[in-house]
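> Below is the structure I would like to discuss, written out as structure tokens.
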Protein chains: 2
Amino acid sequence: MRTLIRNGAILTMEGAEPELVLGDLGIDGSRVAFVGSPPAGFAPERTIDAAGGIVMPGLVDAHTHIAMSLLRHYADDLPFWNWLFERVMPAEEKLCARYVYDGSMLSLAEMIRGGVTCFADMYFFMDEVARATERAGLRARLSRGLAFNAPGDEAKLDESRDFHAAWNGAAGGRVLVDVAPHAVYTCPPAFIEKASDLASELGCMIHVHLSESRKEVADCLAAYGKSPVAHVRDLGLFRNRTYAAHCVHVDDADIAALAEGGVAVVNNPSSNLKLGNGFAPVGRMLAAGVNVALGTDGQASNNNLNMFEEMHVAALVNKGIEEDPTALSAYTALRMATIGGARALGLDGEIGSLRAGKKADLIVLDASAPHFYPRNSVTAALVYAAQAQDVRTVFCDGEPVMLDGAITTIDEAEARAKAQESAAAMTGGAGFRP
Amino acid sequence: MRTLIRNGAILTMEGAEPELVLGDLGIDGSRVAFVGSPPAGFAPERTIDAAGGIVMPGLVDAHTHIAMSLLRHYADDLPFWNWLFERVMPAEEKLCARYVYDGSMLSLAEMIRGGVTCFADMYFFMDEVARATERAGLRARLSRGLAFNAPGDEAKLDESRDFHAAWNGAAGGRVLVDVAPHAVYTCPPAFIEKASDLASELGCMIHVHLSESRKEVADCLAAYGKSPVAHVRDLGLFRNRTYAAHCVHVDDADIAALAEGGVAVVNNPSSNLKLGNGFAPVGRMLAAGVNVALGTDGQASNNNLNMFEEMHVAALVNKGIEEDPTALSAYTALRMATIGGARALGLDGEIGSLRAGKKADLIVLDASAPHFYPRNSVTAALVYAAQAQDVRTVFCDGEPVMLDGAITTIDEAEARAKAQESAAAMTGGAGFRP
């Protein structure tokens with residue numbers, strides 16, 4: 001199928017400076033055929049009018065737990081330990097495959113509506129997340145979260161291996177599988193080493209939480225005499241290509257270790273702020289050459305998968321921390337959410353920017369809302385004013401998953417109803433409360 | 001005219017704890033007739049189906065400069081002095097009445113779309129802002145920004161007096177007029193005293209910028225040996241009921257002075273972060289008994305008038321600063337944006353919450369987007385997940401200004417085109433650039 005997207009303001013996200021092409025973009029099969037003017041003989045079977053709108057790469061949500069949509073708006077404004085041990089974990093005890101599928105479908109609808117075309121997810125019952133992702137038409141790196149609480153938990157490594165065998169490269173290559181030792185406070189050193197060996201054996205990436213809270217760092221120092229970053233590095237984790245979520249409480253030595261290890265950091269500003277964990281030093285990490293991507297984290301701690309909001313919050317809070325309005329520019333935030341995320345997930349050769357030959361993972365925004373006027377900088381408009389709901393059309397792997405506001409791959413009413421039912425079974429609630 | 005809004009989840013914003021009424025709300029003339037169940041004999045001429053949606057008071061944007069929409073996305077990611085002296089002020093030199101009207105109409109459309117029904121605005125050519133506000137159907141406290149740069153500038157006080165005579169109480173009482181000494185760094189002490197006297201003479205309120213930047217505080221200490229708060233207090237400004245924007249760099253003595261003076265603080269987190277000014281100590285101000293409202297500031301430093309985003313950012317950053325997830329709860333953020341804002345503007349007897357007898361300034365949100373599912377806490381959903389574009393219907397003073405996504409009082413296409421034209425005349429730009 002050949003698609004022509006006409007007359008858009010195309011933000012390519014190629015290069016260190018923003019590039020805007022006013023013109024057309026063609027899709028042939030799963031790939032971008034051209035950006036700018038159609039070559040002679042390009043005969044589209046579908047034409048989309050993007051006049052007055054903005055075309056850009058699909059956003060990459062590089063750290064989330066999409067089935068946690070089931071716990072959205074259920075446990076807010078609570079101390080961390082009450083949140084985790086009295087609300088989140090007791091609810092998760094009731095998780096089953098069906099609930100995870102239902103929660104995932106709700107989140108996939110939310111991601112599509114917000115222009116996310118690729119995400120990295122770590123959770124349980126990952127076959128269900130993979131099934132839902134295949135159905136919804138998005139791209140993902142998926143991993144079974146590995147925590148070692150009891151001797152039998154080593155079987156989770158086999159679960160990861162089986163999940164990799166079943167799903168890596170599935171859905172036409174849209175689904176890839178990684179290994180995910182959850183964190184230093186849930187995985188003893190020998191278990192981290194085994195997870196690391198498994199990733200090397202499978203040739204996949206590592207998805208991990210690192211230095212999210214002050215307590216994690218203090219406990220790790222007390223137990224192992226090292227920061228979480230130094231601890232996992234010394235266990236050999238960074239032998240594997242790694243993307244590490246959070247990295248809030250990292251010092252200069254940690255940042256140097258992340259840079260040297262080629263570790264991509266996934267910044268989750270909304271989650272870090274909402275749980276009271278603080279502000280990650282994004283500016284210092286970028287200055288040290290660390291690739292910093294952006295993620296929403298799960299909806300129990302965000303409470304949405306809105307990457308436009310995440311770009312905005314990242315840009316604002318870093319200017320605030322540094323007391324410098326030039327810190328974390330709009331274009332830097334956009335890079336974190338597109339090509340930076342793609343690079344963090346080892347996919348920058350295929351996605352994250354728009355040029356001929358790359359996968360056609362892209363979005364079209366309606367720019368008719370007042371907040372897009374007057375016409376000035378597109379990058380400023382996207383980061384400082386756009387809303388997720390400005391996204392009208394979404395392509396992933398060359399296929400439309402939303403056309404002019406209508407999701408083509410998910411029955412949204414059914415997704416809402418099923419997620420509501422599964423959530424009620426887990427948490428007891430079934431309607432609005434104050 | 002009698003309007004019945006049926007089957008909504010009504011967040012009344014009455015009281016210290018959130019109250020949710022599942023049922024109907026009636027409007028009779030300009031006022032709320034009932035909340036809950038219609039009294040016998042209530043015969044509506046208009047019925048709005050709010051089933052599955054949320055009804056709440058209209059939001060109060062307690063500090064902005066709406067004509068600055070003309071400079072939106074025009075000067076971003078710049079050092080403060082370059083932003084102000086090389087971009088904003090040279091453009092503002094070209095301001096005329098027509099541009100201010102055009103910029104205001106664009107902003108009024110944006111505010112209506114985002115559920116703002118009342119705002120406090122300080123700028124120039126305020127007759128035009130008043131005209132636009134009357135036309136758009138919103139409620140506002142307006143003030144001519146007073147800066148004393150040259151001897152002739154005393155005439156601005158007369159301009160303020162004339163503006164008050166012409167517009168205070170106009171548009172059926174929707175427009176009120178205040179006196180606005182701009183800031184301690186633009187108004188010498190004698191001028192602040194004169195502005196203060198004028199407010200006392202007119203019996204109106206004072207709108208002022210206070211302690212926005214470190215430089216303002218340092219310069220004020222150097223010049224007068226006092227912080228900006230202490231300086232204007234000692235000049236007698238707080239004799240008049242005062243709402244003060246920003247208050248970022250305030251110490252405990254300043255906070256005590258604000259509390260003692262009954263000064264309402266308008267927190268502008270997005271603007272303070274974006275310009276690199278930092279984080280206002282909202283938690284400490286609230287703890288000291290200061291009424292803290294919320295505002296967007298103008299679009300040259302935000303870049304939108306999105307109060308849903310402002311609530312979200314306020315809640316997130318204050319949890320982050322205090323490293324406490326219980327800091328600035330969702331309900332506190334909602335109070336800042338509704339009844340707190342109303343109280344800051346001396347209007348809490350009339351607006352800011354929903355109960356029989358108050359003015360019908362209210363909004364209806366469509367809650368069908370994935371981010372409102374599963375159904376749990378409405379306050380969490382509104383602050384941590386809702387988007388401005390979820391607002392579908394807006395009433396101000398009992399009159400509909402938006403019905404199911406269609407603004408009834410403004411021709412939006414015309415407002416966009418005219419704002420574009422005026423902006424181009426000021427800044428030279430006329431289309432998207434990177």
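Every chain in the structure tokens has a letter given in the order shown (A, B, ...), and although residue numbers restart at 1 in each chain, ligands are simply numbered from 1 in the order shown.
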Could you work out which residues of chain A fall inside 7 Å of chain B? Count only C-alpha atoms, and format the result as number ranges by chain.

A: 18-20, 70, 72-74, 76-80, 106, 109-110, 270, 273-279, 302-304, 316-317, 319-321, 323-326, 329, 370-371, 373-381, 384-385, 389, 416, 419-420, 423, 429-434

> So which residues touch Pro90 (chain A) within 9 Å, counting only C-alpha atoms, skipping near sequence neighbours fewer than 5 positions away, as a count of residues only?

4

> Using only C-alpha atoms for the distances, tell me which of A:Arg144, A:Arg2, A:Arg139, A:Arg46 is nearest to Phe34 (chain A).

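Closest to Phe34 (chain A), using only C-alpha atoms: A:Arg2.
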
> As an exercise, work out the distance from CA of Gly114 (chain A) to CA of Val391 (chain A) in Å and give it to one decimal place.

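Those two atoms sit 6.2 Å apart.
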
> Write out as a ChimeraX atom specification the residues lying within 7 Å of Arg31 (chain B), counting only C-alpha atoms and excluding same-chain residues fewer than 2 positions away.

/B:27-29,33,357-360,397-398

> So that I can check the surroundings of region 65-67 of chain B, please list as an mmCIF file with N, CA, C and O atoms, in the first residue's frame every protein, DNA and RNA residue that reaches within 8 Å of it, counting only C-alpha atoms and ignoring chain neighbours fewer than 5 positions away.


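See result.cif below for the written result:
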data_model
loop_
_atom_site.group_PDB
_atom_site.id
_atom_site.type_symbol
_atom_site.label_atom_id
_atom_site.label_comp_id
_atom_site.auth_asym_id
_atom_site.auth_seq_id
_atom_site.Cartn_x
_atom_site.Cartn_y
_atom_site.Cartn_z
ATOM 1 N N TYR B 99 -4.064 45.246 17.731
ATOM 2 C CA TYR B 99 -3.308 44.020 17.998
ATOM 3 C C TYR B 99 -3.726 43.415 19.342
ATOM 4 O O TYR B 99 -3.868 42.206 19.481
ATOM 5 N N VAL B 100 -3.892 44.293 20.334
ATOM 6 C CA VAL B 100 -4.263 43.798 21.661
ATOM 7 C C VAL B 100 -5.637 43.113 21.613
ATOM 8 O O VAL B 100 -5.839 42.051 22.199
ATOM 9 N N TYR B 101 -6.553 43.692 20.869
ATOM 10 C CA TYR B 101 -7.870 43.064 20.725
ATOM 11 C C TYR B 101 -7.735 41.700 20.043
ATOM 12 O O TYR B 101 -8.296 40.696 20.505
ATOM 13 N N ASP B 102 -6.958 41.645 18.976
ATOM 14 C CA ASP B 102 -6.810 40.387 18.232
ATOM 15 C C ASP B 102 -6.133 39.308 19.085
ATOM 16 O O ASP B 102 -6.561 38.150 19.100
ATOM 17 N N GLY B 103 -5.083 39.700 19.770
ATOM 18 C CA GLY B 103 -4.403 38.730 20.639
ATOM 19 C C GLY B 103 -5.320 38.260 21.753
ATOM 20 O O GLY B 103 -5.311 37.078 22.125
ATOM 21 N N SER B 104 -6.127 39.163 22.280
ATOM 22 C CA SER B 104 -7.043 38.803 23.356
ATOM 23 C C SER B 104 -8.106 37.817 22.878
ATOM 24 O O SER B 104 -8.434 36.854 23.573
ATOM 25 N N SER B 107 -6.764 34.380 22.689
ATOM 26 C CA SER B 107 -6.591 33.823 24.032
ATOM 27 C C SER B 107 -7.923 33.469 24.679
ATOM 28 O O SER B 107 -8.019 32.483 25.413
ATOM 29 N N LEU B 108 -8.929 34.279 24.430
ATOM 30 C CA LEU B 108 -10.242 33.981 25.003
ATOM 31 C C LEU B 108 -10.774 32.663 24.441
ATOM 32 O O LEU B 108 -11.341 31.847 25.171
ATOM 33 N N ASP B 121 -6.087 39.832 34.387
ATOM 34 C CA ASP B 121 -5.160 40.212 33.317
ATOM 35 C C ASP B 121 -4.577 41.597 33.570
ATOM 36 O O ASP B 121 -5.281 42.527 33.943
ATOM 37 N N MET B 122 -3.295 41.709 33.347
ATOM 38 C CA MET B 122 -2.591 42.993 33.480
ATOM 39 C C MET B 122 -1.819 43.238 32.187
ATOM 40 O O MET B 122 -0.979 42.417 31.799
ATOM 41 N N TYR B 123 -2.127 44.351 31.503
ATOM 42 C CA TYR B 123 -1.385 44.641 30.262
ATOM 43 C C TYR B 123 -1.655 46.080 29.833
ATOM 44 O O TYR B 123 -1.962 46.915 30.691
ATOM 45 N N VAL B 129 -8.920 44.732 25.841
ATOM 46 C CA VAL B 129 -9.052 43.449 26.537
ATOM 47 C C VAL B 129 -10.459 43.354 27.133
ATOM 48 O O VAL B 129 -11.109 42.290 27.082
ATOM 49 N N ASP B 297 0.338 32.915 33.604
ATOM 50 C CA ASP B 297 1.169 33.977 33.044
ATOM 51 C C ASP B 297 0.874 34.060 31.534
ATOM 52 O O ASP B 297 0.042 33.316 31.025
ATOM 53 N N GLY B 298 1.519 34.958 30.841
ATOM 54 C CA GLY B 298 1.238 35.135 29.419
ATOM 55 C C GLY B 298 1.917 34.094 28.546
ATOM 56 O O GLY B 298 2.830 33.391 28.985
ATOM 57 N N GLN B 299 1.503 34.022 27.281
ATOM 58 C CA GLN B 299 2.007 32.951 26.407
ATOM 59 C C GLN B 299 3.429 33.174 25.913
ATOM 60 O O GLN B 299 3.990 32.303 25.254
#

> Using CA of Leu210 (chain A) and CA of Thr117 (chain A) as the two end points, give the distance in Å to one decimal.

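CA of Thr117 (chain A) lies 24.9 Å from CA of Leu210 (chain A).
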
> Mind giving me the straight-line distance from CA of Ile48 (chain A) to CA of Leu334 (chain A) in Å, one decimal?

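CA of Leu334 (chain A) lies 23.9 Å from CA of Ile48 (chain A).
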
> Select from region 73-258 of chain A everything DSSP, run on the backbone, classes as helix (DSSP H, G or I), then give the selection as a PyMOL selection string.

chain A and resi 80-92+97-113+126-136+151-167+171-173+189-202+214-224+228-234+237-239+252-258

> Please identify all polymer residues within 9 Å of Leu198 (chain A), counting only C-alpha atoms, omitting same-chain residues fewer than 3 positions from it, and present them as a PDB file with N, CA, C and O atoms, in the first residue's frame.


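File around_23.pdb, as written:
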ATOM      1  N   LEU A 157      13.620 -16.912  35.001  1.00  0.00           N
ATOM      2  CA  LEU A 157      14.606 -16.800  33.916  1.00  0.00           C
ATOM      3  C   LEU A 157      14.174 -17.672  32.739  1.00  0.00           C
ATOM      4  O   LEU A 157      14.296 -17.275  31.575  1.00  0.00           O
ATOM      5  N   SER A 160      11.489 -15.966  30.920  1.00  0.00           N
ATOM      6  CA  SER A 160      12.044 -14.955  30.013  1.00  0.00           C
ATOM      7  C   SER A 160      12.558 -15.605  28.737  1.00  0.00           C
ATOM      8  O   SER A 160      12.359 -15.083  27.638  1.00  0.00           O
ATOM      9  N   ARG A 161      13.264 -16.747  28.895  1.00  0.00           N
ATOM     10  CA  ARG A 161      13.812 -17.432  27.720  1.00  0.00           C
ATOM     11  C   ARG A 161      12.685 -17.892  26.794  1.00  0.00           C
ATOM     12  O   ARG A 161      12.737 -17.699  25.581  1.00  0.00           O
ATOM     13  N   VAL A 179      15.604  -8.833  28.377  1.00  0.00           N
ATOM     14  CA  VAL A 179      15.675  -9.422  29.724  1.00  0.00           C
ATOM     15  C   VAL A 179      15.694  -8.265  30.728  1.00  0.00           C
ATOM     16  O   VAL A 179      16.398  -7.274  30.518  1.00  0.00           O
ATOM     17  N   GLU A 193      23.534 -11.469  37.845  1.00  0.00           N
ATOM     18  CA  GLU A 193      24.514 -12.101  36.945  1.00  0.00           C
ATOM     19  C   GLU A 193      23.842 -13.106  36.013  1.00  0.00           C
ATOM     20  O   GLU A 193      24.167 -13.195  34.826  1.00  0.00           O
ATOM     21  N   LYS A 194      22.912 -13.874  36.550  1.00  0.00           N
ATOM     22  CA  LYS A 194      22.225 -14.862  35.704  1.00  0.00           C
ATOM     23  C   LYS A 194      21.387 -14.176  34.625  1.00  0.00           C
ATOM     24  O   LYS A 194      21.317 -14.639  33.486  1.00  0.00           O
ATOM     25  N   ALA A 195      20.707 -13.094  35.028  1.00  0.00           N
ATOM     26  CA  ALA A 195      19.912 -12.352  34.041  1.00  0.00           C
ATOM     27  C   ALA A 195      20.826 -11.791  32.955  1.00  0.00           C
ATOM     28  O   ALA A 195      20.507 -11.832  31.759  1.00  0.00           O
ATOM     29  N   GLU A 201      23.313 -14.560  26.187  1.00  0.00           N
ATOM     30  CA  GLU A 201      22.984 -15.796  25.453  1.00  0.00           C
ATOM     31  C   GLU A 201      21.970 -15.504  24.334  1.00  0.00           C
ATOM     32  O   GLU A 201      22.115 -15.986  23.210  1.00  0.00           O
ATOM     33  N   LEU A 202      20.970 -14.692  24.658  1.00  0.00           N
ATOM     34  CA  LEU A 202      19.905 -14.412  23.689  1.00  0.00           C
ATOM     35  C   LEU A 202      20.279 -13.282  22.731  1.00  0.00           C
ATOM     36  O   LEU A 202      19.606 -13.077  21.717  1.00  0.00           O
ATOM     37  N   GLY A 203      21.328 -12.559  23.059  1.00  0.00           N
ATOM     38  CA  GLY A 203      21.717 -11.415  22.220  1.00  0.00           C
ATOM     39  C   GLY A 203      20.715 -10.280  22.278  1.00  0.00           C
ATOM     40  O   GLY A 203      20.555  -9.528  21.309  1.00  0.00           O
ATOM     41  N   CYS A 204      20.030 -10.134  23.421  1.00  0.00           N
ATOM     42  CA  CYS A 204      19.020  -9.080  23.535  1.00  0.00           C
ATOM     43  C   CYS A 204      19.523  -7.973  24.450  1.00  0.00           C
ATOM     44  O   CYS A 204      20.669  -7.970  24.894  1.00  0.00           O
TER      45      CYS A 204
END

> Neighbouring residues of Phe119 (chain B) were defined as those with any atom within 7 Å, considering only C-alpha atoms; residues of the same chain fewer than 5 positions away were excluded. Please report them as a list in words.

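Contacts, with the query itself left out: Val60, Asp61, Ala62, His63, Arg139, Ala140 and Arg141 of chain B.
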
> Given the selection you just returned, output its residues as a file containing N, CA and C atoms, formatted as an mmCIF file, in the first residue's frame.


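That gives us again.cif:
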data_model
loop_
_atom_site.group_PDB
_atom_site.id
_atom_site.type_symbol
_atom_site.label_atom_id
_atom_site.label_comp_id
_atom_site.auth_asym_id
_atom_site.auth_seq_id
_atom_site.Cartn_x
_atom_site.Cartn_y
_atom_site.Cartn_z
ATOM 1 N N VAL B 60 -10.134 29.299 37.272
ATOM 2 C CA VAL B 60 -9.779 30.706 37.445
ATOM 3 C C VAL B 60 -8.281 30.854 37.176
ATOM 4 N N ASP B 61 -7.947 31.562 36.115
ATOM 5 C CA ASP B 61 -6.538 31.828 35.777
ATOM 6 C C ASP B 61 -6.209 33.194 36.385
ATOM 7 N N ALA B 62 -5.552 33.179 37.546
ATOM 8 C CA ALA B 62 -5.468 34.390 38.368
ATOM 9 C C ALA B 62 -4.296 35.315 38.028
ATOM 10 N N HIS B 63 -3.533 34.983 37.011
ATOM 11 C CA HIS B 63 -2.499 35.928 36.561
ATOM 12 C C HIS B 63 -2.111 35.634 35.125
ATOM 13 N N ARG B 139 -15.464 36.145 32.467
ATOM 14 C CA ARG B 139 -15.409 37.022 33.637
ATOM 15 C C ARG B 139 -13.944 37.378 33.869
ATOM 16 N N ALA B 140 -13.670 38.626 34.260
ATOM 17 C CA ALA B 140 -12.262 39.009 34.438
ATOM 18 C C ALA B 140 -12.102 40.182 35.394
ATOM 19 N N ARG B 141 -10.965 40.183 36.050
ATOM 20 C CA ARG B 141 -10.483 41.401 36.713
ATOM 21 C C ARG B 141 -9.332 41.906 35.853
#
